[in-house]
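Below: my_file26.pdb (PDB, C-alpha atoms)
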ATOM      1  CA  LEU A  23       9.099  62.949  30.084
ATOM      2  CA  LEU A  24       6.918  65.725  28.752
ATOM      3  CA  GLN A  25       8.764  65.715  25.431
ATOM      4  CA  GLU A  26       8.367  61.947  25.090
ATOM      5  CA  ALA A  27       4.632  62.315  25.649
ATOM      6  CA  GLY A  28       4.440  65.253  23.247
ATOM      7  CA  VAL A  29       3.048  67.508  25.974
ATOM      8  CA  GLY A  30       4.000  71.136  26.593
ATOM      9  CA  PRO A  31       4.691  72.507  30.086
ATOM     10  CA  GLU A  32       1.431  74.505  30.178
ATOM     11  CA  GLU A  33      -0.826  71.687  28.920
ATOM     12  CA  THR A  34      -3.132  69.713  31.178
ATOM     13  CA  ILE A  35      -3.108  65.954  30.865
ATOM     14  CA  GLN A  36      -5.066  63.158  32.470
ATOM     15  CA  VAL A  37      -3.138  60.272  34.009
ATOM     16  CA  GLU A  38      -4.569  56.947  35.085
ATOM     17  CA  ILE A  39      -2.743  54.998  37.773
ATOM     18  CA  VAL A  40      -3.459  51.285  37.867
ATOM     19  CA  PRO A  41      -2.227  48.596  40.273
ATOM     20  CA  ASP A  42       0.819  46.605  39.249
ATOM     21  CA  PRO A  43      -0.500  43.222  38.037
ATOM     22  CA  ASN A  44       2.693  41.486  39.281
ATOM     23  CA  PRO A  45       3.825  43.388  42.385
ATOM     24  CA  GLU A  46       6.083  40.550  43.534
ATOM     25  CA  GLN A  47       7.988  40.336  40.247
ATOM     26  CA  ILE A  48      11.495  41.762  40.043
ATOM     27  CA  ASP A  49      13.422  41.901  36.784
ATOM     28  CA  VAL A  50      16.806  40.708  38.034
ATOM     29  CA  PRO A  51      19.642  41.169  35.517
ATOM     30  CA  ASP A  52      21.312  37.960  34.320
ATOM     31  CA  GLU A  53      24.665  39.012  35.787
ATOM     32  CA  LEU A  54      23.136  39.325  39.249
ATOM     33  CA  LEU A  55      21.278  36.022  38.928
ATOM     34  CA  ILE A  56      24.510  34.241  38.028
ATOM     35  CA  ALA A  57      26.355  35.782  40.970
ATOM     36  CA  LEU A  58      23.587  34.808  43.390
ATOM     37  CA  GLU A  59      23.541  31.242  42.041
ATOM     38  CA  GLN A  60      27.299  30.959  42.637
ATOM     39  CA  ASP A  61      27.401  32.595  46.079
ATOM     40  CA  GLU A  62      25.263  30.829  48.690
ATOM     41  CA  GLU A  63      25.858  33.419  51.420
ATOM     42  CA  ALA A  64      24.955  36.342  49.177
ATOM     43  CA  ASN A  65      21.905  34.459  47.864
ATOM     44  CA  SER A  66      20.723  33.684  51.384
ATOM     45  CA  ARG A  67      20.976  37.352  52.366
ATOM     46  CA  TRP A  68      19.282  38.409  49.091
ATOM     47  CA  LYS A  69      16.311  36.151  49.845
ATOM     48  CA  SER A  70      15.962  37.629  53.340
ATOM     49  CA  MET A  71      15.778  41.226  52.062
ATOM     50  CA  THR A  72      12.555  43.088  51.471
ATOM     51  CA  LEU A  73      11.143  43.193  47.973
ATOM     52  CA  GLY A  74      11.889  46.908  47.799
ATOM     53  CA  LYS A  75      15.573  46.476  48.664
ATOM     54  CA  ARG A  76      15.970  43.664  46.145
ATOM     55  CA  ARG A  77      14.233  45.762  43.483
ATOM     56  CA  GLY A  78      16.553  48.684  44.232
ATOM     57  CA  LEU A  79      19.687  46.550  43.917
ATOM     58  CA  ALA A  80      18.452  44.975  40.685
ATOM     59  CA  TYR A  81      17.706  48.445  39.322
ATOM     60  CA  HIS A  82      21.189  49.649  40.300
ATOM     61  CA  VAL A  83      22.731  46.857  38.209
ATOM     62  CA  SER A  84      20.328  47.146  35.272
ATOM     63  CA  THR A  85      20.855  50.883  34.806
ATOM     64  CA  ALA A  86      24.539  50.446  33.997
ATOM     65  CA  LYS A  87      25.018  50.965  30.274
ATOM     66  CA  GLN A  88      28.229  48.985  29.886
ATOM     67  CA  GLU A  89      28.639  45.297  30.682
ATOM     68  CA  ASN A  90      31.833  45.955  32.644
ATOM     69  CA  THR A  91      29.981  48.407  34.866
ATOM     70  CA  ARG A  92      27.161  45.911  35.448
ATOM     71  CA  ILE A  93      29.679  43.226  36.400
ATOM     72  CA  LYS A  94      31.503  45.598  38.744
ATOM     73  CA  ARG A  95      28.224  46.518  40.430
ATOM     74  CA  VAL A  96      27.211  42.860  40.752
ATOM     75  CA  LEU A  97      30.532  41.925  42.358
ATOM     76  CA  ASP A  98      30.222  44.840  44.769
ATOM     77  CA  ILE A  99      26.650  43.910  45.693
ATOM     78  CA  ALA A 100      27.499  40.219  46.152
ATOM     79  CA  ASN A 101      30.392  41.126  48.446
ATOM     80  CA  LYS A 102      28.222  43.484  50.490
ATOM     81  CA  LEU A 103      25.457  40.893  50.732
ATOM     82  CA  ARG A 104      27.967  38.288  51.898
ATOM     83  CA  THR A 105      29.515  40.596  54.495
ATOM     84  CA  GLY A 106      26.287  42.250  55.643
ATOM     85  CA  THR A 107      27.452  45.717  54.653
ATOM     86  CA  ILE A 108      24.610  46.704  52.326
ATOM     87  CA  HIS A 109      23.360  50.197  53.217
ATOM     88  CA  GLY A 110      20.513  49.955  55.680
ATOM     89  CA  ASP A 111      21.649  46.709  57.312
TER      90      ASP A 111
END
As structure tokens:
Amino acid sequence: LLQEAGVGPEETIQVEIVPDPNPEQIDVPDELLIALEQDEEANSRWKSMTLGKRRGLAYHVSTAKQENTRIKRVLDIANKLRTGTIHGD
């Protein structure tokens, strides 16, 4: 992160933290949206989850670099949503 900002480890920087203008918005990957549209039980459970849990699951899918990995993660999440076996349930 320091390299991207062009800052050395001994330099002092000023950071401004501002509120998220869209705190309710989650960028849900297309693969996950499609799975939720096709699986009523998983979609129902998804809608009942907290925003933070949904954001975490969406992030887990979106960080996969390969499409096959994203699809595998989506299928796993949909199954766990359907069966109520998502961590923290």
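With all atoms listed in the file taken into account, the protein and nucleic acid residues at most 7 Å from region 103-109 of chain A (excluding it and anything under 6 positions from it in its own chain) are Glu63, Ala64, Arg67 and Trp68 of chain A.
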Write out, as a short mmCIF file (atom, residue, chain, number, x, y, z; two decimals), in the coordinates of the input, the residues just selected, with C-alpha atoms.
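The new file part_31.cif reads:
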data_model
loop_
_atom_site.label_atom_id
_atom_site.label_comp_id
_atom_site.auth_asym_id
_atom_site.auth_seq_id
_atom_site.Cartn_x
_atom_site.Cartn_y
_atom_site.Cartn_z
CA GLU A 63 25.86 33.42 51.42
CA ALA A 64 24.96 36.34 49.18
CA ARG A 67 20.98 37.35 52.37
CA TRP A 68 19.28 38.41 49.09
#
*Can you give me, as a ChimeraX atom specification, the residues this file yields under the PyMOL selection byres ((chain A and resi 50) around 10)?*
/A:47-49,51-55,76-77,79-81,83-84
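The gap separating CA of Asn44 (chain A) from CA of Ser66 (chain A) is 23.1 Å, in Å to one decimal.
The coordinates place CA of Met71 (chain A) at 25.9 Å from CA of Val40 (chain A).
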*From the list A:Leu58, A:Leu24, A:Asp98, A:Glu46, which residue is nearest Leu73 (chain A) when using all atoms listed in the file?*
A:Glu46
